[in-house]
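Peer 1: The structure under discussion is supplied below as structure tokens; questions concerning it will follow.
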Amino acid sequence: MKEIVCKLLVIGAGPGGYVCAIRAGQLGIDTVIVEESKPGGTCLNVGCIPSKALIHAAEEFAVVRRMAAGRSPIGIRVADAAIDLAKTIGWKDGIVGRLTSGVSTLLHKANVKIVHGRAVFRDGKTVEVETETGAQIIRADTVVIATGSEPVDLASLPFGGRVISSTEALSLKDLPEKLVVVGGGYIGLELGTAFAKMGSEVTVVEALPQILPQYDADLVRPVLRKLGELGIRVLTSAKAKGLSGDGNALFVEAADSQEQQLPADRILVTVGRKPKTTGSGLEELDLDRSGPYLRIDERCRTSMRGIYAIGDVTGEPMLAHRAMAQGEMVAEIVAGRKRAWDKRCIPAVCFTDPEIVTAGLSPGEARAQGYEIRVGQFPFSANGRAMTMHSDEGFVRVVARADSNLVLGLQAVGAGVSELSATFAHAMEMGARLEDIAGTIHAHPTRSEAIQEAALKALGHALHT
């Protein structure tokens, strides 16, 4: 049995793992990374990147369909509109392939050794990896667990056949005529919206009273309105009970406790994600847990000396950029640098139509923490750039302390607002006050002007409303 000895072992080559390994390699640390699938993890292979590609393709097709139907608001017409889903998926796969290849190249450039296979812990310093050429033992001074997460299934709707997860949804070669999405969170709504734009009849089933329950009603309202325009049926306070006898429909218990049957070619279950730890031997280690997740401190250390954990396996927020930041930090800690997790905020984006972006506290969250606040909100319907792009739904909102004008949070809903996330996070990290944002000259005409206007409004002297 082959044996490798190294300074740092990273288990999982997702966003957190590969960033950790690359940075460690740059710092001269003898590093090995183990990955049982392709580099890039869920985000690159079956999550963030492929889903955004599909969302973009769906929006492009929706625009052409409106043109073909003579409903283009800017006067463009085309003769016909059709989509070849297999070709669309092939285009998406090409993007993923280029990016995974790029990750491998970066790892090699940083002198990181890549071992392909599943790592199983023997003890806190040793793993066994079953590779194509046989078993491999890897011993390391320090281990980073970055195994990520996987979709949660339902006992009444196990994955298989017509019941699919987001992974299978991103690889369909044929467009489902009727798609039922179980779970009204961001994954379900992003994919459900995309399939509706491509021509599927979509129904969303959400057990809670509101879709996108992590957001306040003001942010969700424009999304709900667009779902209606797309013909997407939304059932809230409704529970999926299981398949019909022939498997062609989903039984749902509606808000009034009445059971109804929803015909479906595919049932997409998106009710959450769970840490991916099964079969890794982690249960043999004495690691503290926080629910199903590995408990970590401000340096991503677990309860066992020499073992760190980063990314989805450590819990919410399950975001690739959080994992990347943790991975980079841990690599520097292993190299002997003084680092600690002190992020003021982690921006989050929901790629629905329209998009939602948040950073810091919402008005309700700020009040719940005892703050007296000022809130400024500016609509995109008064923003010139948004109007010229015929996408003026939504708004930008800023939340600040009433006593000092310190910005506590920024939120937006609208077309393309994901690109405002860096500005939001930067303002939060730098401890900006309303005067800082209001006094910064914003380029005209851009959507970003709405941020300045929201700050001006919170100060009591908005210029354009």
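Identifiers in this document derive from the order of the structure tokens: chains are assigned A, B, ..., residues are numbered from 1 separately in each chain, and ligands are numbered from 1 in order of occurrence.
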Excluding same-chain residues fewer than 6 positions from range 425-442 of chain A, what lies within 9 Å of it counting only C-alpha atoms, as a PDB file with C-alpha atoms, in the first residue's frame?
Peer 2:
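Contents of the output file part-v3.pdb:
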ATOM      1  CA  LYS A 343     -16.018  39.264   8.834  1.00  0.00           C
ATOM      2  CA  ARG A 344     -18.490  42.060   9.462  1.00  0.00           C
ATOM      3  CA  CYS A 345     -20.847  40.613   6.862  1.00  0.00           C
ATOM      4  CA  ILE A 346     -21.057  37.965   4.143  1.00  0.00           C
ATOM      5  CA  PRO A 347     -23.166  39.119   1.186  1.00  0.00           C
ATOM      6  CA  THR A 358     -28.358  41.354   0.997  1.00  0.00           C
ATOM      7  CA  ALA A 359     -25.495  42.375   3.279  1.00  0.00           C
ATOM      8  CA  GLY A 360     -25.780  42.961   6.993  1.00  0.00           C
ATOM      9  CA  VAL A 398     -29.998  51.081   3.325  1.00  0.00           C
ATOM     10  CA  VAL A 399     -30.364  50.531   7.076  1.00  0.00           C
ATOM     11  CA  ALA A 400     -28.360  52.670   9.518  1.00  0.00           C
ATOM     12  CA  ARG A 401     -28.196  53.502  13.205  1.00  0.00           C
ATOM     13  CA  SER A 404     -24.524  57.652  14.424  1.00  0.00           C
ATOM     14  CA  ASN A 405     -25.667  56.886  10.843  1.00  0.00           C
ATOM     15  CA  LEU A 406     -23.420  53.793  10.868  1.00  0.00           C
ATOM     16  CA  VAL A 407     -24.618  51.492   8.115  1.00  0.00           C
ATOM     17  CA  LEU A 408     -26.006  48.247   9.522  1.00  0.00           C
ATOM     18  CA  GLY A 409     -27.235  46.675   6.300  1.00  0.00           C
ATOM     19  CA  LEU A 410     -27.886  47.087   2.592  1.00  0.00           C
ATOM     20  CA  SER A 448     -25.408  52.019  -8.495  1.00  0.00           C
ATOM     21  CA  GLU A 449     -26.766  55.564  -8.236  1.00  0.00           C
ATOM     22  CA  ILE A 451     -27.348  53.258  -3.466  1.00  0.00           C
ATOM     23  CA  GLN A 452     -26.375  56.913  -3.147  1.00  0.00           C
ATOM     24  CA  GLU A 453     -29.998  58.009  -3.452  1.00  0.00           C
ATOM     25  CA  ALA A 454     -31.072  55.537  -0.738  1.00  0.00           C
ATOM     26  CA  ALA A 455     -28.423  56.974   1.597  1.00  0.00           C
ATOM     27  CA  LEU A 456     -29.538  60.527   0.794  1.00  0.00           C
ATOM     28  CA  ALA A 458     -32.157  58.096   4.907  1.00  0.00           C
ATOM     29  CA  LEU A 459     -30.456  61.418   5.654  1.00  0.00           C
TER      30      LEU A 459
END
Peer 1: Run DSSP on the backbone of this structure and report the residues of range 105-350 of chain A it assigns to alpha helix (DSSP H), as a PyMOL selection string.
Peer 2: chain A and resi 105-109+166-169+186-198+217-229+320-334
Peer 1: Find the residues around Gly25 in chain A up to 12 Å (only C-alpha atoms counted), leave out those fewer than 4 positions away in its own chain, and share them as a list in words.
Peer 2: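 Here the answer would be Cys6, Lys7, Leu8, Leu9, Val10, Tyr18, Val19, Cys20, Ala21, Ile29, Asp30, Thr31, Val32, Ile33, Leu106, Leu107, His108, Lys109, Ala110, Asn111, Val112, Lys113, Ile114, Glu328, Ala331, Glu332, Val334 and Ala335 of chain A.
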Peer 1: Keeping N, CA and C atoms, export the residues of the selection given above as a PDB file, in the first residue's frame.
Peer 2:
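Saved file again-v1.pdb follows:
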ATOM      1  N   CYS A   6       2.769  14.370   4.337  1.00  0.00           N
ATOM      2  CA  CYS A   6       2.756  15.778   3.941  1.00  0.00           C
ATOM      3  C   CYS A   6       2.524  16.674   5.153  1.00  0.00           C
ATOM      4  N   LYS A   7       2.736  17.946   4.949  1.00  0.00           N
ATOM      5  CA  LYS A   7       2.486  18.938   6.005  1.00  0.00           C
ATOM      6  C   LYS A   7       0.983  19.201   6.149  1.00  0.00           C
ATOM      7  N   LEU A   8       0.287  19.377   5.012  1.00  0.00           N
ATOM      8  CA  LEU A   8      -1.129  19.731   5.022  1.00  0.00           C
ATOM      9  C   LEU A   8      -1.912  18.826   4.085  1.00  0.00           C
ATOM     10  N   LEU A   9      -2.999  18.287   4.601  1.00  0.00           N
ATOM     11  CA  LEU A   9      -3.915  17.475   3.801  1.00  0.00           C
ATOM     12  C   LEU A   9      -5.267  18.180   3.760  1.00  0.00           C
ATOM     13  N   VAL A  10      -5.739  18.444   2.566  1.00  0.00           N
ATOM     14  CA  VAL A  10      -7.052  19.060   2.383  1.00  0.00           C
ATOM     15  C   VAL A  10      -7.977  18.012   1.784  1.00  0.00           C
ATOM     16  N   TYR A  18     -10.028  23.904  -2.545  1.00  0.00           N
ATOM     17  CA  TYR A  18      -8.993  24.195  -3.535  1.00  0.00           C
ATOM     18  C   TYR A  18      -8.327  25.547  -3.271  1.00  0.00           C
ATOM     19  N   VAL A  19      -9.091  26.533  -2.756  1.00  0.00           N
ATOM     20  CA  VAL A  19      -8.474  27.818  -2.407  1.00  0.00           C
ATOM     21  C   VAL A  19      -7.476  27.629  -1.263  1.00  0.00           C
ATOM     22  N   CYS A  20      -7.863  26.831  -0.273  1.00  0.00           N
ATOM     23  CA  CYS A  20      -6.959  26.545   0.840  1.00  0.00           C
ATOM     24  C   CYS A  20      -5.674  25.895   0.336  1.00  0.00           C
ATOM     25  N   ALA A  21      -5.802  24.905  -0.527  1.00  0.00           N
ATOM     26  CA  ALA A  21      -4.634  24.186  -1.032  1.00  0.00           C
ATOM     27  C   ALA A  21      -3.746  25.084  -1.886  1.00  0.00           C
ATOM     28  N   ILE A  29       3.972  25.415   1.654  1.00  0.00           N
ATOM     29  CA  ILE A  29       3.577  24.286   2.492  1.00  0.00           C
ATOM     30  C   ILE A  29       3.407  23.042   1.616  1.00  0.00           C
ATOM     31  N   ASP A  30       3.985  21.946   2.023  1.00  0.00           N
ATOM     32  CA  ASP A  30       3.843  20.667   1.316  1.00  0.00           C
ATOM     33  C   ASP A  30       2.387  20.201   1.466  1.00  0.00           C
ATOM     34  N   THR A  31       1.619  20.294   0.378  1.00  0.00           N
ATOM     35  CA  THR A  31       0.167  20.122   0.454  1.00  0.00           C
ATOM     36  C   THR A  31      -0.332  19.028  -0.474  1.00  0.00           C
ATOM     37  N   VAL A  32      -1.273  18.222   0.049  1.00  0.00           N
ATOM     38  CA  VAL A  32      -1.973  17.210  -0.742  1.00  0.00           C
ATOM     39  C   VAL A  32      -3.464  17.498  -0.639  1.00  0.00           C
ATOM     40  N   ILE A  33      -4.176  17.394  -1.767  1.00  0.00           N
ATOM     41  CA  ILE A  33      -5.627  17.558  -1.756  1.00  0.00           C
ATOM     42  C   ILE A  33      -6.267  16.296  -2.321  1.00  0.00           C
ATOM     43  N   LEU A 106      -4.317  25.463 -11.651  1.00  0.00           N
ATOM     44  CA  LEU A 106      -3.874  26.312 -10.541  1.00  0.00           C
ATOM     45  C   LEU A 106      -3.285  25.491  -9.399  1.00  0.00           C
ATOM     46  N   LEU A 107      -3.872  24.323  -9.134  1.00  0.00           N
ATOM     47  CA  LEU A 107      -3.339  23.452  -8.088  1.00  0.00           C
ATOM     48  C   LEU A 107      -1.936  22.958  -8.458  1.00  0.00           C
ATOM     49  N   HIS A 108      -1.783  22.548  -9.707  1.00  0.00           N
ATOM     50  CA  HIS A 108      -0.461  22.086 -10.156  1.00  0.00           C
ATOM     51  C   HIS A 108       0.562  23.234 -10.098  1.00  0.00           C
ATOM     52  N   LYS A 109       0.115  24.428 -10.490  1.00  0.00           N
ATOM     53  CA  LYS A 109       0.996  25.590 -10.477  1.00  0.00           C
ATOM     54  C   LYS A 109       1.490  25.896  -9.068  1.00  0.00           C
ATOM     55  N   ALA A 110       0.636  25.616  -8.074  1.00  0.00           N
ATOM     56  CA  ALA A 110       1.008  25.854  -6.672  1.00  0.00           C
ATOM     57  C   ALA A 110       1.727  24.658  -6.055  1.00  0.00           C
ATOM     58  N   ASN A 111       2.058  23.653  -6.885  1.00  0.00           N
ATOM     59  CA  ASN A 111       2.781  22.452  -6.428  1.00  0.00           C
ATOM     60  C   ASN A 111       1.981  21.626  -5.430  1.00  0.00           C
ATOM     61  N   VAL A 112       0.670  21.616  -5.602  1.00  0.00           N
ATOM     62  CA  VAL A 112      -0.204  20.801  -4.760  1.00  0.00           C
ATOM     63  C   VAL A 112      -0.377  19.439  -5.419  1.00  0.00           C
ATOM     64  N   LYS A 113      -0.196  18.384  -4.650  1.00  0.00           N
ATOM     65  CA  LYS A 113      -0.400  17.036  -5.184  1.00  0.00           C
ATOM     66  C   LYS A 113      -1.877  16.691  -5.090  1.00  0.00           C
ATOM     67  N   ILE A 114      -2.476  16.243  -6.202  1.00  0.00           N
ATOM     68  CA  ILE A 114      -3.892  15.889  -6.245  1.00  0.00           C
ATOM     69  C   ILE A 114      -4.029  14.373  -6.217  1.00  0.00           C
ATOM     70  N   GLU A 328      -8.660  30.333   2.518  1.00  0.00           N
ATOM     71  CA  GLU A 328      -7.481  31.199   2.417  1.00  0.00           C
ATOM     72  C   GLU A 328      -6.929  31.522   3.799  1.00  0.00           C
ATOM     73  N   ALA A 331      -5.125  28.420   5.424  1.00  0.00           N
ATOM     74  CA  ALA A 331      -3.807  28.189   4.829  1.00  0.00           C
ATOM     75  C   ALA A 331      -2.772  29.114   5.461  1.00  0.00           C
ATOM     76  N   GLU A 332      -3.144  30.369   5.674  1.00  0.00           N
ATOM     77  CA  GLU A 332      -2.203  31.317   6.264  1.00  0.00           C
ATOM     78  C   GLU A 332      -1.945  31.001   7.738  1.00  0.00           C
ATOM     79  N   VAL A 334      -1.946  27.970   9.031  1.00  0.00           N
ATOM     80  CA  VAL A 334      -1.046  26.812   9.008  1.00  0.00           C
ATOM     81  C   VAL A 334       0.384  27.259   8.695  1.00  0.00           C
ATOM     82  N   ALA A 335       0.499  28.328   7.903  1.00  0.00           N
ATOM     83  CA  ALA A 335       1.826  28.857   7.560  1.00  0.00           C
ATOM     84  C   ALA A 335       2.431  29.691   8.681  1.00  0.00           C
TER      85      ALA A 335
END
Peer 1: Have a look at A:Val144, A:Leu268, A:Val34, A:Ile137 and name the one nearest to Gly306 in chain A; count only C-alpha atoms.
Peer 2: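 Looking at the shortest contact to Gly306 in chain A, the residue is A:Val144.
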